[in-house]
Amino acid sequence: MKAVVIAPGERDSDRLVELPDPVPAEGELLVEVLSVGVDGTDDELVAGEYGEAPAGEEHLVIGHESLGRVREPAGGLSAGQLVAAIVRRPDPVPCLNCAHDEWDYCLNGRYTERGIKGRHGFLAEYYTERPEYVVAVPDELASVGMVVEPTTIGEKALEQVETIQRRLTWRPQRALVTGAGPIGLLAAALLALRDLEVVVYDKAESGPKLDLVGELGARYVQADSLPLGHDLAGEVGPIDIAIEATGFSPLGFGLLDTIGPNGVAVLTGVSGGGRRSELPVDHLNLEAVLHNKVLVGTVNADRANFEAAVRDLAAVQERWPGWLDRMITRRVPLERYSEALSRGPQDVKVVVDVAAS
């Protein structure tokens, strides 16, 4: 089979290769890959910033946002069923959380992640997997099911918010999303589904991002036109929930000054490098303490988040027909996968169509 691999830690080592077709072990599925979404994690892997090959191997098959079709069934799934695969796997010890199927809260870091850390990913023609690590995807999501995985980021963020806010009587009305990339737009759609007033804050001055935000009935704020903090809150109104989806860490910590009393801000973007920034820490401390504000980080997702993503994507498809398809601004065949790694200002989500090649 054809697959895209890297040599972890080496810059620009990506290449399309021929690998042996995978053979499912007893109780495993064989899945034909239909399409794979590409994101910033893949860029960083190709740049050699991190990544880990499976034990005893030199290469790693990348790709973690998958949509496939079952070819050899197992575990109650039937041949022909569309599926999306969960990315993280529990550590072999396991730790307390992994032992309770909470591998997204792994304590010792010995988890593995398909296409990222210690397990091959999905940018290949086939993969095998145990049934408990895939979720069924309905046929109406056949063209967009590869965005299940990035949707889980918003799902888990909202799960965190709902858990924290059990502390008080709470009726949220307004939400802010910083960043109008795929994760930010999908989070905005989840918030709009919940009938919140949604504000999306991004640097783009024109293009498809603005149109996609408008189609949700959300408000778009161009970042250079209005600073975060009390300026933004004064313009749009008190903000109950903020989801940070850029990975720009000064922006994330600044959300403590943006959310209203009793608000929650969730950091979802991973920031790399050694950036340093001055923050008004006394002021932020005062805001958090006097107004019961919470800043929480979230990473990866568990099976419940994947199942919620499938349900909510079907609801998005019904409420805003074609919106998810319009978010996918470019599709390329597997042989031209490298074009998906070069994204321009008019790109939102770029997808590699594996089976179509």
# chains A, B, ... in the order shown; residues from 1 in each chain; ligands from 1
>>> closest_atom_pairs(of="segment 72-183 of chain A", to="segment 187-199 of chain A", cutoff="7 Å", atoms="only C-alpha atoms", output="Markdown table")
| residue | atom | partner | partner_atom | distance |
| --- | --- | --- | --- | --- |
| A:Thr151 | CA | A:Ala187 | CA | 7.0 |
| A:Gly154 | CA | A:Ala187 | CA | 4.8 |
| A:Gln173 | CA | A:Leu196 | CA | 5.3 |
| A:Arg174 | CA | A:Glu197 | CA | 4.6 |
| A:Ala175 | CA | A:Val198 | CA | 4.9 |
| A:Leu176 | CA | A:Val199 | CA | 4.8 |
| A:Val177 | CA | A:Val199 | CA | 6.3 |
| A:Ile183 | CA | A:Ala187 | CA | 6.1 |
>>> select_by_dssp(residues="segment 4-167 of chain A", states="helix (DSSP H, G or I)", output="VMD selection string")
chain A and resid 40 to 46 98 to 100 103 to 105 131 to 133 139 to 141 145 to 167
>>> atom_distance(atom1="atom CA of Lys203 of chain A", atom2="atom CA of Ala301 of chain A")
27.5 Å
>>> atom_distance(atom1="atom CA of Pro261 of chain A", atom2="atom CA of Leu232 of chain A")
14.8 Å
>>> residues_around(residues="Leu210 of chain A", least_positions_apart="4", cutoff="7 Å", atoms="only C-alpha atoms", output="list of chain:residue names")
A:Ser206, A:Gly214, A:Tyr220
>>> write_last_selection(atoms="N, CA and C atoms", output="mmCIF file, in the first residue's frame")
data_model
loop_
_atom_site.group_PDB
_atom_site.id
_atom_site.type_symbol
_atom_site.label_atom_id
_atom_site.label_comp_id
_atom_site.auth_asym_id
_atom_site.auth_seq_id
_atom_site.Cartn_x
_atom_site.Cartn_y
_atom_site.Cartn_z
ATOM 1 N N SER A 206 -10.213 39.367 5.112
ATOM 2 C CA SER A 206 -11.172 38.965 4.084
ATOM 3 C C SER A 206 -10.999 37.475 3.837
ATOM 4 N N GLY A 214 -20.015 34.155 9.358
ATOM 5 C CA GLY A 214 -21.311 34.787 9.128
ATOM 6 C C GLY A 214 -22.422 33.797 8.890
ATOM 7 N N TYR A 220 -18.002 38.341 13.528
ATOM 8 C CA TYR A 220 -16.568 38.280 13.292
ATOM 9 C C TYR A 220 -15.938 39.598 13.729
#
>>> residues_around(residues="segment 68-85 of chain A", least_positions_apart="4", cutoff="7 Å", atoms="only C-alpha atoms", output="list in words")
Gly27, Glu28, Leu29, Leu30, Val31, Glu32, Val33, Leu34, Ser35, Pro131, Tyr133, Val134, Val135, Ala136, Val137, Pro138, Asp139, Met146 and Val148 of chain A
>>> write_last_selection(atoms="N, CA and C atoms", output="PDB file, in the first residue's frame")
ATOM      1  N   GLY A  27      -9.779 -10.143  16.030  1.00  0.00           N
ATOM      2  CA  GLY A  27     -10.580  -9.132  16.698  1.00  0.00           C
ATOM      3  C   GLY A  27     -10.373  -7.729  16.183  1.00  0.00           C
ATOM      4  N   GLU A  28      -9.473  -7.545  15.202  1.00  0.00           N
ATOM      5  CA  GLU A  28      -9.226  -6.215  14.650  1.00  0.00           C
ATOM      6  C   GLU A  28     -10.008  -5.986  13.364  1.00  0.00           C
ATOM      7  N   LEU A  29     -10.222  -4.709  13.069  1.00  0.00           N
ATOM      8  CA  LEU A  29     -10.809  -4.282  11.802  1.00  0.00           C
ATOM      9  C   LEU A  29      -9.712  -4.020  10.778  1.00  0.00           C
ATOM     10  N   LEU A  30     -10.060  -4.197   9.514  1.00  0.00           N
ATOM     11  CA  LEU A  30      -9.257  -3.649   8.425  1.00  0.00           C
ATOM     12  C   LEU A  30     -10.059  -2.500   7.836  1.00  0.00           C
ATOM     13  N   VAL A  31      -9.450  -1.322   7.777  1.00  0.00           N
ATOM     14  CA  VAL A  31     -10.139  -0.111   7.329  1.00  0.00           C
ATOM     15  C   VAL A  31      -9.421   0.449   6.108  1.00  0.00           C
ATOM     16  N   GLU A  32     -10.188   0.722   5.056  1.00  0.00           N
ATOM     17  CA  GLU A  32      -9.657   1.441   3.908  1.00  0.00           C
ATOM     18  C   GLU A  32      -9.792   2.942   4.168  1.00  0.00           C
ATOM     19  N   VAL A  33      -8.707   3.667   4.050  1.00  0.00           N
ATOM     20  CA  VAL A  33      -8.719   5.101   4.320  1.00  0.00           C
ATOM     21  C   VAL A  33      -9.300   5.836   3.113  1.00  0.00           C
ATOM     22  N   LEU A  34     -10.289   6.674   3.379  1.00  0.00           N
ATOM     23  CA  LEU A  34     -10.895   7.487   2.328  1.00  0.00           C
ATOM     24  C   LEU A  34     -10.253   8.865   2.253  1.00  0.00           C
ATOM     25  N   SER A  35     -10.091   9.530   3.396  1.00  0.00           N
ATOM     26  CA  SER A  35      -9.535  10.878   3.396  1.00  0.00           C
ATOM     27  C   SER A  35      -8.932  11.193   4.758  1.00  0.00           C
ATOM     28  N   PRO A 131     -11.812  -2.490  17.499  1.00  0.00           N
ATOM     29  CA  PRO A 131     -13.093  -1.775  17.357  1.00  0.00           C
ATOM     30  C   PRO A 131     -13.333  -0.698  18.396  1.00  0.00           C
ATOM     31  N   TYR A 133     -11.489   1.504  19.381  1.00  0.00           N
ATOM     32  CA  TYR A 133     -10.793   2.748  19.063  1.00  0.00           C
ATOM     33  C   TYR A 133     -11.260   3.364  17.755  1.00  0.00           C
ATOM     34  N   VAL A 134     -12.421   2.995  17.287  1.00  0.00           N
ATOM     35  CA  VAL A 134     -13.043   3.686  16.155  1.00  0.00           C
ATOM     36  C   VAL A 134     -14.485   4.015  16.520  1.00  0.00           C
ATOM     37  N   VAL A 135     -15.018   5.041  15.879  1.00  0.00           N
ATOM     38  CA  VAL A 135     -16.422   5.402  16.061  1.00  0.00           C
ATOM     39  C   VAL A 135     -17.112   5.381  14.701  1.00  0.00           C
ATOM     40  N   ALA A 136     -18.349   4.926  14.691  1.00  0.00           N
ATOM     41  CA  ALA A 136     -19.117   4.874  13.449  1.00  0.00           C
ATOM     42  C   ALA A 136     -19.497   6.285  13.020  1.00  0.00           C
ATOM     43  N   VAL A 137     -19.450   6.519  11.724  1.00  0.00           N
ATOM     44  CA  VAL A 137     -19.788   7.817  11.141  1.00  0.00           C
ATOM     45  C   VAL A 137     -20.944   7.605  10.162  1.00  0.00           C
ATOM     46  N   PRO A 138     -22.025   8.372  10.255  1.00  0.00           N
ATOM     47  CA  PRO A 138     -23.163   8.169   9.359  1.00  0.00           C
ATOM     48  C   PRO A 138     -22.822   8.587   7.927  1.00  0.00           C
ATOM     49  N   ASP A 139     -23.554   8.011   6.983  1.00  0.00           N
ATOM     50  CA  ASP A 139     -23.280   8.270   5.573  1.00  0.00           C
ATOM     51  C   ASP A 139     -23.435   9.741   5.203  1.00  0.00           C
ATOM     52  N   MET A 146     -13.749  13.373   8.056  1.00  0.00           N
ATOM     53  CA  MET A 146     -12.379  13.498   8.557  1.00  0.00           C
ATOM     54  C   MET A 146     -12.236  14.641   9.573  1.00  0.00           C
ATOM     55  N   VAL A 148     -14.094  14.896  12.192  1.00  0.00           N
ATOM     56  CA  VAL A 148     -14.527  14.419  13.510  1.00  0.00           C
ATOM     57  C   VAL A 148     -13.430  14.680  14.540  1.00  0.00           C
TER      58      VAL A 148
END
>>> closest_residue(among="A:Val38, A:Val93, A:Val5, A:Cys98", to="Val61 of chain A", atoms="only C-alpha atoms")
A:Val5
>>> closest_residue(among="A:Arg219, A:Arg276, A:Arg110, A:Lys209", to="Val348 of chain A", atoms="only C-alpha atoms")
A:Lys209
>>> residues_around(residues="segment 20-22 of chain A", least_positions_apart="6", cutoff="7 Å", atoms="only C-alpha atoms", output="list of chain:residue names")
A:Met1, A:Tyr126, A:Tyr127, A:Thr128
